[in-house]
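For reference, query.csv is printed below; it contains CSV, C-alpha atoms.
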chain,number,residue,atom,x,y,z
A,238,MET,CA,-16.0,8.9,19.6
A,239,PRO,CA,-13.0,6.7,18.5
A,240,LYS,CA,-10.7,5.6,21.3
A,241,LEU,CA,-7.3,4.2,21.7
A,242,THR,CA,-7.7,0.6,23.0
A,243,ALA,CA,-5.1,-0.9,25.3
A,244,VAL,CA,-5.0,-4.6,26.0
A,245,TYR,CA,-3.5,-5.7,29.3
A,246,HIS,CA,-2.9,-9.1,31.0
A,247,ILE,CA,-3.7,-8.9,34.7
A,248,ALA,CA,-3.0,-11.5,37.3
A,249,ALA,CA,-6.2,-11.8,39.4
A,250,ASP,CA,-8.9,-14.1,40.5
A,251,ALA,CA,-12.4,-14.2,39.0
A,252,GLU,CA,-13.9,-12.4,42.0
A,253,SER,CA,-11.7,-9.4,41.8
A,254,ILE,CA,-11.0,-9.0,38.1
A,255,ALA,CA,-13.9,-6.7,37.3
A,256,SER,CA,-12.9,-4.2,40.0
A,257,ARG,CA,-9.2,-4.5,39.1
A,258,ALA,CA,-10.0,-3.8,35.4
A,259,ARG,CA,-12.1,-0.8,36.4
A,260,ALA,CA,-9.4,0.5,38.7
A,261,LEU,CA,-6.9,0.2,35.9
A,262,ALA,CA,-9.1,2.1,33.5
A,263,VAL,CA,-9.4,5.0,36.0
A,264,GLU,CA,-5.6,4.8,36.8
A,265,GLN,CA,-4.6,5.1,33.2
A,266,SER,CA,-7.0,8.0,32.5
A,267,VAL,CA,-7.9,10.4,35.3
A,268,GLU,CA,-6.0,8.9,38.3
A,269,MET,CA,-8.5,10.0,40.9
A,270,PRO,CA,-11.9,8.8,42.3
A,271,VAL,CA,-14.4,9.2,39.5
A,272,GLU,CA,-17.1,10.2,42.0
A,273,ALA,CA,-15.0,13.3,42.8
A,274,ILE,CA,-15.2,14.5,39.2
A,275,ALA,CA,-17.9,17.1,38.9
A,276,SER,CA,-17.9,17.4,35.1
A,277,GLN,CA,-20.2,15.0,33.3
A,278,SER,CA,-18.4,15.4,30.0
A,279,ILE,CA,-15.1,14.3,31.7
A,280,ARG,CA,-16.8,11.3,33.2
A,281,ASP,CA,-18.3,10.5,29.8
A,282,ASP,CA,-15.4,11.2,27.5
A,283,ILE,CA,-12.2,11.1,29.4
A,284,VAL,CA,-12.5,8.4,32.0
A,285,GLY,CA,-11.2,5.1,30.6
A,286,THR,CA,-13.8,2.4,30.0
A,287,VAL,CA,-13.5,-1.4,30.3
A,288,GLU,CA,-14.4,-2.9,27.0
A,289,ASP,CA,-13.9,-6.6,27.6
A,290,ILE,CA,-12.5,-9.1,30.0
A,291,ILE,CA,-11.4,-12.6,28.9
A,292,ASP,CA,-10.3,-15.4,31.2
A,293,LEU,CA,-7.1,-16.8,29.8
A,294,GLY,CA,-6.8,-19.4,32.5
A,295,GLY,CA,-4.2,-19.9,35.2
A,296,GLY,CA,-5.2,-16.7,37.0
A,297,THR,CA,-4.6,-14.4,34.1
A,298,PHE,CA,-7.2,-12.2,32.4
A,299,ALA,CA,-7.0,-10.2,29.1
A,300,VAL,CA,-8.6,-6.8,29.7
A,301,ARG,CA,-9.4,-4.3,26.9
A,302,ILE,CA,-9.6,-0.7,28.0
A,303,GLY,CA,-10.7,2.3,25.9
A,304,LEU,CA,-8.7,5.5,26.4
A,305,SER,CA,-9.7,8.9,25.1
A,306,LEU,CA,-7.6,10.2,22.1
A,307,ALA,CA,-7.8,13.7,23.6
A,308,THR,CA,-5.6,12.6,26.5
A,309,THR,CA,-2.7,11.7,24.2
A,310,GLY,CA,-2.4,14.7,21.9
A,311,ASN,CA,-1.0,12.2,19.4
A,312,GLU,CA,2.4,12.7,21.0
A,313,PRO,CA,4.5,9.5,21.4
A,314,GLY,CA,5.6,10.1,24.9
A,315,GLN,CA,2.1,10.9,26.1
A,316,ILE,CA,0.7,7.9,24.2
A,317,MET,CA,3.2,5.7,26.2
A,318,ASN,CA,2.2,7.5,29.4
A,319,MET,CA,-1.6,6.9,28.8
A,320,LEU,CA,-1.0,3.3,27.7
A,321,PHE,CA,1.3,2.2,30.5
A,322,GLY,CA,2.6,5.1,32.7
A,323,ASN,CA,1.2,4.3,36.1
A,324,ALA,CA,0.3,0.7,35.2
A,325,SER,CA,4.0,-0.1,34.6
A,326,ILE,CA,4.4,0.2,38.4
A,327,LEU,CA,1.9,-2.5,39.0
A,328,ASP,CA,3.9,-5.8,39.0
A,329,ASP,CA,0.9,-7.9,38.0
A,330,VAL,CA,-0.1,-5.9,34.9
A,331,THR,CA,1.4,-6.3,31.4
A,332,LEU,CA,0.6,-4.2,28.3
A,333,VAL,CA,0.3,-6.7,25.4
A,334,ASP,CA,-1.3,-4.8,22.5
A,335,THR,CA,-2.9,-1.6,21.3
A,336,VAL,CA,-5.5,-0.8,18.7
A,337,PHE,CA,-5.0,2.6,17.2
A,338,PRO,CA,-7.8,4.5,15.5
A,339,ALA,CA,-7.1,5.7,12.0
A,340,GLU,CA,-6.8,9.3,12.9
A,341,MET,CA,-4.1,8.6,15.4
A,342,VAL,CA,-2.1,6.5,13.0
A,343,SER,CA,-2.3,9.2,10.4
A,344,ALA,CA,-0.9,11.7,12.9
A,345,LEU,CA,2.1,9.6,13.8
A,346,THR,CA,5.4,9.8,12.0
A,347,GLY,CA,6.0,6.3,10.8
A,348,PRO,CA,9.0,5.1,8.8
A,349,ASN,CA,10.7,7.4,6.3
A,350,ALA,CA,12.2,4.7,4.1
A,351,GLY,CA,10.4,1.4,5.0
A,352,ILE,CA,11.5,-1.9,3.6
A,353,ALA,CA,11.6,-0.6,0.0
A,354,GLY,CA,13.8,2.2,1.0
A,355,LEU,CA,16.3,0.0,2.8
A,356,ARG,CA,16.3,-2.4,-0.1
A,357,ALA,CA,17.1,0.5,-2.4
A,358,ARG,CA,20.1,1.5,-0.2
A,359,ALA,CA,21.4,-2.1,-0.5
A,360,ARG,CA,20.5,-2.5,-4.2
A,361,ALA,CA,18.8,-5.7,-3.3
A,362,ASP,CA,15.3,-6.4,-4.6
A,363,ARG,CA,14.5,-9.8,-3.3
A,364,ARG,CA,17.0,-11.3,-0.9
A,365,ALA,CA,17.3,-10.7,2.8
A,366,LEU,CA,19.7,-7.9,3.9
A,367,THR,CA,22.8,-8.3,6.0
A,368,CYS,CA,24.3,-6.2,8.8
A,369,SER,CA,27.0,-6.3,11.4
A,370,ALA,CA,28.1,-4.2,14.4
A,371,LEU,CA,31.2,-2.3,15.3
A,372,LYS,CA,32.6,-3.4,18.7
A,373,PRO,CA,34.0,-3.7,21.3
A,374,GLN,CA,33.9,-0.5,23.2
A,375,GLY,CA,37.4,1.0,23.8
A,376,LEU,CA,38.5,1.0,20.1
A,377,SER,CA,39.6,4.3,18.6
A,378,ALA,CA,37.9,5.8,15.6
A,379,PRO,CA,40.6,4.6,13.2
A,380,GLU,CA,40.4,1.1,14.6
A,381,LEU,CA,36.6,1.1,14.1
A,382,GLY,CA,37.1,2.4,10.6
A,383,ARG,CA,39.4,-0.6,9.8
A,384,LEU,CA,36.8,-3.0,11.1
A,385,ALA,CA,34.1,-1.4,9.0
A,386,ALA,CA,36.3,-1.5,5.9
A,387,ALA,CA,36.8,-5.2,6.3
A,388,MET,CA,33.1,-5.7,6.7
A,389,ALA,CA,32.3,-3.6,3.6
A,390,GLU,CA,34.9,-5.4,1.6
A,391,GLY,CA,33.0,-8.6,2.5
A,392,GLY,CA,29.9,-7.1,0.9
A,393,LEU,CA,27.7,-6.5,3.9
A,394,ASP,CA,24.7,-4.2,3.2
A,395,PHE,CA,24.7,-2.3,6.5
A,396,ILE,CA,27.2,-1.8,9.3
A,397,LYS,CA,26.0,-0.2,12.5
A,398,ASP,CA,27.7,1.1,15.6
A,399,ASP,CA,27.4,-0.9,18.7
A,400,HIS,CA,24.7,0.8,20.8
A,401,GLY,CA,27.3,1.4,23.6
A,402,LEU,CA,29.3,3.7,21.4
A,403,ALA,CA,28.4,7.3,22.3
A,404,ASP,CA,30.8,10.3,22.6
A,405,GLN,CA,33.5,8.6,24.7
A,406,ARG,CA,37.1,10.0,24.8
A,407,TYR,CA,38.5,6.9,23.1
A,408,SER,CA,36.2,7.4,20.1
A,409,PRO,CA,34.6,10.9,20.0
A,410,ILE,CA,31.5,10.8,17.9
A,411,ALA,CA,32.6,13.4,15.3
A,412,GLU,CA,35.9,11.5,14.8
A,413,ARG,CA,34.2,8.1,14.7
A,414,ILE,CA,31.5,9.1,12.1
A,415,ALA,CA,34.1,10.7,9.9
A,416,ALA,CA,36.6,7.8,10.1
A,417,VAL,CA,34.1,5.0,9.6
A,418,ALA,CA,32.2,6.8,6.8
A,419,ALA,CA,35.5,7.4,5.0
A,420,ALA,CA,36.7,3.9,5.5
A,421,VAL,CA,33.5,2.4,4.1
A,422,ARG,CA,33.3,4.8,1.2
A,423,ALA,CA,36.9,4.0,0.2
A,424,THR,CA,36.0,0.4,-0.4
A,425,GLY,CA,33.5,1.3,-3.1
A,426,ALA,CA,31.2,-1.4,-1.8
A,427,GLY,CA,28.1,0.8,-1.4
A,428,THR,CA,27.7,-0.4,2.2
A,429,THR,CA,25.5,1.8,4.5
A,430,TYR,CA,27.1,2.8,7.7
A,431,ILE,CA,24.7,3.5,10.6
A,432,PRO,CA,26.1,5.6,13.5
A,433,SER,CA,24.5,5.2,16.9
A,434,LEU,CA,23.3,8.5,18.3
A,435,THR,CA,22.7,9.1,22.0
A,436,GLY,CA,22.2,11.9,24.5
A,437,THR,CA,19.7,14.8,24.5
A,438,LEU,CA,17.5,15.7,21.6
A,439,ASP,CA,20.0,18.5,20.7
A,440,ASP,CA,22.9,16.0,20.9
A,441,ILE,CA,21.1,13.6,18.5
A,442,ARG,CA,20.3,16.5,16.1
A,443,ARG,CA,24.0,17.3,16.1
A,444,GLY,CA,24.7,13.7,15.4
A,445,VAL,CA,22.2,13.7,12.5
A,446,ALA,CA,24.0,16.7,11.0
A,447,LEU,CA,27.4,14.9,11.4
A,448,ALA,CA,25.9,11.9,9.6
A,449,ARG,CA,24.5,13.9,6.8
A,450,ASP,CA,27.8,15.9,6.4
A,451,ASN,CA,29.6,12.6,6.0
A,452,GLY,CA,27.2,11.4,3.3
A,453,LEU,CA,25.2,9.0,5.5
A,454,SER,CA,21.5,8.3,5.1
A,455,MET,CA,20.7,6.2,8.2
A,456,ILE,CA,21.2,6.5,11.9
A,457,MET,CA,20.4,4.4,15.0
A,458,ILE,CA,18.5,5.4,18.2
A,459,ALA,CA,17.6,3.5,21.3
A,460,PRO,CA,14.1,4.8,21.9
A,461,MET,CA,13.8,3.7,25.5
A,462,ILE,CA,17.1,5.4,26.3
A,463,SER,CA,16.7,8.6,24.4
A,464,GLY,CA,12.9,8.7,24.4
A,465,VAL,CA,10.1,7.7,22.0
A,466,ALA,CA,9.4,11.5,21.5
A,467,THR,CA,13.0,12.0,20.4
A,468,LEU,CA,12.7,9.1,17.9
A,469,SER,CA,9.6,10.7,16.4
A,470,ALA,CA,11.0,14.2,16.3
A,471,ILE,CA,14.2,13.0,14.6
A,472,ALA,CA,12.3,10.9,12.0
A,473,ARG,CA,9.8,13.7,11.3
A,474,ASP,CA,12.4,16.4,10.9
A,475,ASN,CA,14.8,14.4,8.7
A,476,PRO,CA,12.7,12.6,6.0
A,477,ASP,CA,15.9,11.8,4.1
A,478,MET,CA,17.2,9.7,7.0
A,479,ALA,CA,16.2,6.1,7.8
A,480,VAL,CA,16.2,5.2,11.4
A,481,MET,CA,17.2,1.9,13.0
A,482,THR,CA,15.9,1.3,16.5
A,483,HIS,CA,17.8,-0.6,19.2
A,484,PRO,CA,16.0,-2.5,22.0
A,485,ALA,CA,18.2,-1.4,24.9
A,486,LEU,CA,16.0,-1.0,28.0
A,487,ALA,CA,13.0,-2.3,26.1
A,488,GLY,CA,12.7,-5.1,28.6
A,489,ALA,CA,12.7,-2.8,31.6
A,490,ALA,CA,8.8,-2.5,31.6
A,491,ARG,CA,6.2,-5.2,31.2
A,492,ILE,CA,5.3,-4.3,27.6
A,493,ALA,CA,5.1,-7.1,25.1
A,494,PRO,CA,8.1,-6.9,22.7
A,495,ALA,CA,6.0,-7.5,19.7
A,496,LEU,CA,4.0,-4.4,20.6
A,497,LEU,CA,6.8,-2.1,21.8
A,498,ILE,CA,9.4,-3.0,19.2
A,499,GLY,CA,7.4,-4.3,16.4
A,500,LYS,CA,4.4,-1.9,16.4
A,501,LEU,CA,5.2,1.2,18.5
A,502,PHE,CA,8.8,1.9,17.5
A,503,ARG,CA,7.6,1.6,13.9
A,504,LEU,CA,4.7,4.0,14.2
A,505,PHE,CA,7.0,6.5,16.1
A,506,GLY,CA,9.5,6.5,13.2
A,507,GLY,CA,11.6,3.4,13.1
A,508,ASP,CA,12.5,1.9,9.7
A,509,ALA,CA,14.4,-1.2,11.0
A,510,GLN,CA,13.8,-2.7,14.4
A,511,VAL,CA,16.7,-4.6,16.1
A,512,PHE,CA,15.4,-7.3,18.5
A,513,PRO,CA,16.7,-10.5,20.2
A,514,ASN,CA,16.1,-13.5,18.0
A,515,HIS,CA,14.9,-16.7,19.7
A,516,GLY,CA,17.6,-19.1,20.5
A,517,GLY,CA,20.2,-16.4,21.0
A,518,ARG,CA,21.5,-14.7,24.2
A,519,PHE,CA,18.0,-13.6,25.2
A,520,GLY,CA,14.8,-15.3,26.1
A,521,TYR,CA,12.3,-14.3,23.4
A,522,SER,CA,10.1,-17.1,22.2
A,523,ARG,CA,9.6,-18.1,18.6
A,524,ALA,CA,6.0,-17.0,18.8
A,525,GLU,CA,7.0,-13.5,20.2
A,526,CYS,CA,9.6,-13.1,17.4
A,527,ARG,CA,7.1,-14.1,14.7
A,528,THR,CA,4.5,-11.7,16.0
A,529,LEU,CA,7.1,-8.9,16.3
A,530,ALA,CA,8.2,-9.3,12.7
A,531,ALA,CA,4.6,-9.5,11.5
A,532,ASN,CA,3.8,-6.2,13.3
A,533,ALA,CA,6.8,-4.5,11.7
A,534,ARG,CA,5.7,-5.5,8.2
A,535,GLU,CA,1.9,-5.3,8.6
A,536,ALA,CA,0.1,-3.2,6.0
A,537,VAL,CA,-1.0,0.0,7.7
A,538,PRO,CA,-2.8,2.6,5.6
A,539,GLY,CA,-0.7,5.7,5.0
A,540,LYS,CA,2.4,4.2,6.7
A,541,ARG,CA,5.4,2.4,5.3
A,542,ASP,CA,6.4,-1.0,6.7
A,543,ALA,CA,9.5,-1.6,8.7
A,544,MET,CA,12.3,-4.2,8.5
A,545,PRO,CA,12.6,-6.7,11.3
A,546,VAL,CA,16.3,-7.1,12.4
A,547,PRO,CA,16.8,-10.3,14.4
A,548,ALA,CA,20.0,-10.2,16.4
A,549,GLY,CA,21.6,-11.2,19.7
A,550,GLY,CA,24.1,-14.0,19.6
A,551,MET,CA,23.4,-15.1,16.0
A,552,THR,CA,25.9,-17.3,14.1
A,553,LEU,CA,26.6,-18.0,10.5
A,554,GLU,CA,25.6,-21.6,11.1
A,555,ARG,CA,22.0,-20.5,11.8
A,556,VAL,CA,21.6,-18.3,8.7
A,557,ASP,CA,19.4,-20.8,6.8
A,558,GLU,CA,17.2,-21.5,9.8
A,559,ILE,CA,16.7,-17.9,10.6
A,560,LEU,CA,15.9,-17.0,7.0
A,561,ASP,CA,13.4,-19.9,6.7
A,562,PHE,CA,11.7,-18.6,9.9
A,563,TYR,CA,11.5,-14.9,8.9
A,564,GLY,CA,11.5,-14.9,5.1
A,565,PRO,CA,13.3,-12.5,2.8
A,566,ASP,CA,12.0,-9.2,4.2
A,567,THR,CA,14.5,-9.4,7.0
A,568,MET,CA,17.8,-7.8,7.9
A,569,LEU,CA,20.1,-10.4,9.5
A,570,LEU,CA,22.4,-8.9,12.1
A,571,ILE,CA,25.4,-11.0,13.1
A,572,GLY,CA,28.0,-9.2,15.2
A,573,GLY,CA,30.3,-11.1,17.6
A,574,ASN,CA,30.4,-14.3,15.5
A,575,LEU,CA,31.8,-12.3,12.6
A,576,LEU,CA,34.2,-10.3,14.7
A,577,ALA,CA,35.6,-13.5,16.2
A,578,ALA,CA,37.1,-14.2,12.7
A,579,GLY,CA,39.8,-11.6,13.4
A,580,GLU,CA,42.0,-11.2,10.3
A,581,ARG,CA,39.5,-13.3,8.3
A,582,LEU,CA,36.7,-10.8,9.0
A,583,ALA,CA,36.4,-9.7,5.3
A,584,SER,CA,36.2,-13.4,4.1
A,585,GLU,CA,33.7,-14.3,6.8
A,586,ALA,CA,31.6,-11.3,5.9
A,587,ARG,CA,31.7,-12.5,2.3
A,588,ARG,CA,30.7,-16.0,3.4
A,589,LEU,CA,27.6,-14.5,5.2
A,590,GLN,CA,26.7,-12.4,2.2
A,591,ASP,CA,27.0,-15.3,-0.2
A,592,ARG,CA,25.0,-17.6,2.1
A,593,VAL,CA,22.2,-15.1,2.4
A,594,ALA,CA,22.2,-14.4,-1.4
A,595,ALA,CA,22.1,-18.2,-2.2
A,596,HIS,CA,19.3,-19.0,0.2
A,597,ARG,CA,16.1,-20.4,-1.3
A,598,TYR,CA,12.9,-19.8,0.6
A,599,GLY,CA,9.7,-21.8,0.7
A,600,ARG,CA,10.1,-23.8,3.9
A,601,GLU,CA,9.0,-22.3,7.2
A,602,ALA,CA,8.5,-18.7,6.1

Would you mind writing the structure in this file as structure tokens?
Amino acid sequence: MPKLTAVYHIAADAESIASRARALAVEQSVEMPVEAIASQSIRDDIVGTVEDIIDLGGGTFAVRIGLSLATTGNEPGQIMNMLFGNASILDDVTLVDTVFPAEMVSALTGPNAGIAGLRARARADRRALTCSALKPQGLSAPELGRLAAAMAEGGLDFIKDDHGLADQRYSPIAERIAAVAAAVRATGAGTTYIPSLTGTLDDIRRGVALARDNGLSMIMIAPMISGVATLSAIARDNPDMAVMTHPALAGAARIAPALLIGKLFRLFGGDAQVFPNHGGRFGYSRAECRTLAANAREAVPGKRDAMPVPAGGMTLERVDEILDFYGPDTMLLIGGNLLAAGERLASEARRLQDRVAAHRYGREA
């Protein structure tokens, strides 16, 4: 019977790791003493199994545990629960990878547009894509519209809301979406505006309707805020919409970013995954970023790929370095460094666009 395999790193000593691994397998499956389970079929088919233990040195062990597919229902929230629900409370356990059987992958939503669909929106066949963010919080809808217009005049492919924009009094969501969409459309630049949608599933569904009514084809969701099940439902029910995912709260649990953002967010419905680039405001390593991007783009039968979106304190001066690292199937997100240009925002956006278009690959990527 195929199983969902979870790979954990556990801090332990050699004498205790076997029992720790077995306890984790039980915790993440039946959460009770196995000897108290009367049903042999449950003991055989539902209780998690330790598949492998590898000593990584330094008091850390990689443990592979097989989990029954029947316990997940192929539902994203329950998949997360079975992979790391109770284990997330153990401060010496990290979820680092998963191996999904084909039947589970087939049942998951996956991206609606994928890299090809995002390239079609940007009318860009080969080069990397560009993006910026509307901020700071506190601006009115018309003020955000004026910022977006300048960015679009500079030729940016995508403009997203800051993830902190919700339905605040200073910029109600209906007013903001209408104002920014109209401002971008008036430039004739063909830039895609991506509103950030928050709240309950019903709130986000209303946001999708607002986006569609204003001629938009892409939205942004923070899956760890609104829920991975919400991400999946929105992507599944709106196949015409591409979804950008934001990493807010993604560091609150010990789940490897390359797995959570690069692999899981993609399989649950994300077309473009924003994540902190190495060397920016956050502490991701080069290796973590490289693996995350590879997970997003990896060929998975029956599922579209996703676009990695490195962000977080990026500057125009680093464009060539970043593109050499990630290659052309990348959406480069530069926010604050562009906004610092003030009245020169349109020209700085054009400088970014031109620099990305002129870049020649073949070095690190």

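Reported to one decimal place, the separation of atom CA of A:Pro348 from atom CA of A:Ala531 is 15.5 Å.
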
Checklist entry - Quick one: of A:Ala426, A:Ala446, A:Leu376, A:Ala370, who's nearest to A:Arg413, counting only C-alpha atoms? => result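 Once distances to A:Arg413 are computed over only C-alpha atoms, the minimum belongs to A:Leu376.
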
Checklist entry - Rounded to one decimal in Å, what is the spacing between atom CA of A:Arg280 and atom CA of A:Thr242? => result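 Taking atom CA of A:Arg280 and atom CA of A:Thr242, their separation equals 17.4 Å.
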
Using all atoms listed in the file, I'd like a table of the residues in stretch 239-337 of chain A that come within 12 Å of stretch 468-483 of chain A; for each, show the closest atom pair and its distance in Å rounded to one decimal, ordered by chain and ascending number, as CSV.
residue,atom,partner,partner_atom,distance
A:Asn311,CA,A:Ser469,CA,11.1
A:Glu312,CA,A:Ser469,CA,8.8
A:Pro313,CA,A:Ser469,CA,7.2
A:Gly314,CA,A:Ser469,CA,9.4

Output file for the residues above (C-alpha atoms, as a PDB file, keeping the file's coordinate frame):
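New file part_31.pdb:
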ATOM      1  CA  ASN A 311      -1.000  12.200  19.400  1.00  0.00           C
ATOM      2  CA  GLU A 312       2.400  12.700  21.000  1.00  0.00           C
ATOM      3  CA  PRO A 313       4.500   9.500  21.400  1.00  0.00           C
ATOM      4  CA  GLY A 314       5.600  10.100  24.900  1.00  0.00           C
TER       5      GLY A 314
END

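Atom CA of A:Pro547 lies 5.3 Å from atom CA of A:Phe512.
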
Checklist entry - When distances are computed from only C-alpha atoms, which of A:Pro494, A:Gly539, A:Gly354, A:Gly579 shows the smallest separation from A:Arg527? => result A:Pro494

Item to check | Of the listed residues A:Asp404, A:Glu268, A:Glu288, A:Glu380, that which approaches A:Val417 most closely, counting only C-alpha atoms | outcome: A:Glu380

Next on the checklist: With distances taken over only C-alpha atoms, which residue among A:Thr552, A:Gly391, A:Gln374, A:Met341 lies nearest A:Ala577?
Outcome noted: A:Thr552

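With distances taken over all atoms listed in the file, A:Leu332 is the one residue among A:Leu332, A:Met269, A:Ala403, A:Ile274 lying closest to A:Ala490.
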
Item to check | Pick from A:Ala361, A:Met455, A:Val267, A:Ala344 nearest to A:Ile396, counting only C-alpha atoms | outcome: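 Closest residue, counting only C-alpha atoms: A:Met455.
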
Next on the checklist: Give me, as a PyMOL selection string, all polymer residues having an atom no more than 10 Å from stretch 293-308 of chain A, counting all atoms listed in the file and skipping those fewer than 4 positions away in the same chain.
Outcome noted: chain A and resi 238-251+254-255+257-259+261-263+265-267+281-289+312+315-316+318-320+329-338+340-341

Item to check | Selection: 12 Å around A:Ala594, only C-alpha atoms, excl. self and same-chain fewer than 6 positions, as a list in words | outcome: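 My reading of the contact set: Ala361, Asp362, Arg363, Arg364, Ala365, Leu366, Thr367, Gly392, Leu393, Asp394, Val556, Asp557, Leu560, Pro565, Leu569, Arg587 and Arg588 of chain A.
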
Item to check | Residue neighbourhood A:Ala459, 10 Å, all atoms listed in the file, exclusion window fewer than 6 positions, as a list of chain:residue names | outcome: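 Counting only the stated atoms, we get A:His400, A:Ser433, A:Leu434, A:Thr435, A:Val465, A:Thr467, A:Leu468, A:Met481, A:Thr482, A:His483, A:Pro484, A:Ala485, A:Leu486, A:Ala487, A:Phe502, A:Val511.
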
I need the residues from that last selection saved to file as a PDB file, in the frame of the given file (with C-alpha atoms), if you can.
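again.pdb, freshly written:
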ATOM      1  CA  HIS A 400      24.700   0.800  20.800  1.00  0.00           C
ATOM      2  CA  SER A 433      24.500   5.200  16.900  1.00  0.00           C
ATOM      3  CA  LEU A 434      23.300   8.500  18.300  1.00  0.00           C
ATOM      4  CA  THR A 435      22.700   9.100  22.000  1.00  0.00           C
ATOM      5  CA  VAL A 465      10.100   7.700  22.000  1.00  0.00           C
ATOM      6  CA  THR A 467      13.000  12.000  20.400  1.00  0.00           C
ATOM      7  CA  LEU A 468      12.700   9.100  17.900  1.00  0.00           C
ATOM      8  CA  MET A 481      17.200   1.900  13.000  1.00  0.00           C
ATOM      9  CA  THR A 482      15.900   1.300  16.500  1.00  0.00           C
ATOM     10  CA  HIS A 483      17.800  -0.600  19.200  1.00  0.00           C
ATOM     11  CA  PRO A 484      16.000  -2.500  22.000  1.00  0.00           C
ATOM     12  CA  ALA A 485      18.200  -1.400  24.900  1.00  0.00           C
ATOM     13  CA  LEU A 486      16.000  -1.000  28.000  1.00  0.00           C
ATOM     14  CA  ALA A 487      13.000  -2.300  26.100  1.00  0.00           C
ATOM     15  CA  PHE A 502       8.800   1.900  17.500  1.00  0.00           C
ATOM     16  CA  VAL A 511      16.700  -4.600  16.100  1.00  0.00           C
TER      17      VAL A 511
END

Item to check | A:Ile431 environment, 8 Å, all atoms listed in the file, sequence neighbours closer than 3 positions dropped, as a ChimeraX atom specification | outcome: /A:395-398,453-457

Distance cut-off 12 Å, centre (13.2, -21.0, 5.2) in file coordinates, counting only C-alpha atoms: which residues qualify? Return them as a tab-separated table (two decimals) with C-alpha atoms, in the coordinates of the input.
chain	number	residue	atom	x	y	z
A	365	ALA	CA	17.30	-10.70	2.80
A	555	ARG	CA	22.00	-20.50	11.80
A	556	VAL	CA	21.60	-18.30	8.70
A	557	ASP	CA	19.40	-20.80	6.80
A	558	GLU	CA	17.20	-21.50	9.80
A	559	ILE	CA	16.70	-17.90	10.60
A	560	LEU	CA	15.90	-17.00	7.00
A	561	ASP	CA	13.40	-19.90	6.70
A	562	PHE	CA	11.70	-18.60	9.90
A	563	TYR	CA	11.50	-14.90	8.90
A	564	GLY	CA	11.50	-14.90	5.10
A	565	PRO	CA	13.30	-12.50	2.80
A	566	ASP	CA	12.00	-9.20	4.20
A	567	THR	CA	14.50	-9.40	7.00
A	593	VAL	CA	22.20	-15.10	2.40
A	595	ALA	CA	22.10	-18.20	-2.20
A	596	HIS	CA	19.30	-19.00	0.20
A	597	ARG	CA	16.10	-20.40	-1.30
A	598	TYR	CA	12.90	-19.80	0.60
A	599	GLY	CA	9.70	-21.80	0.70
A	600	ARG	CA	10.10	-23.80	3.90
A	601	GLU	CA	9.00	-22.30	7.20
A	602	ALA	CA	8.50	-18.70	6.10
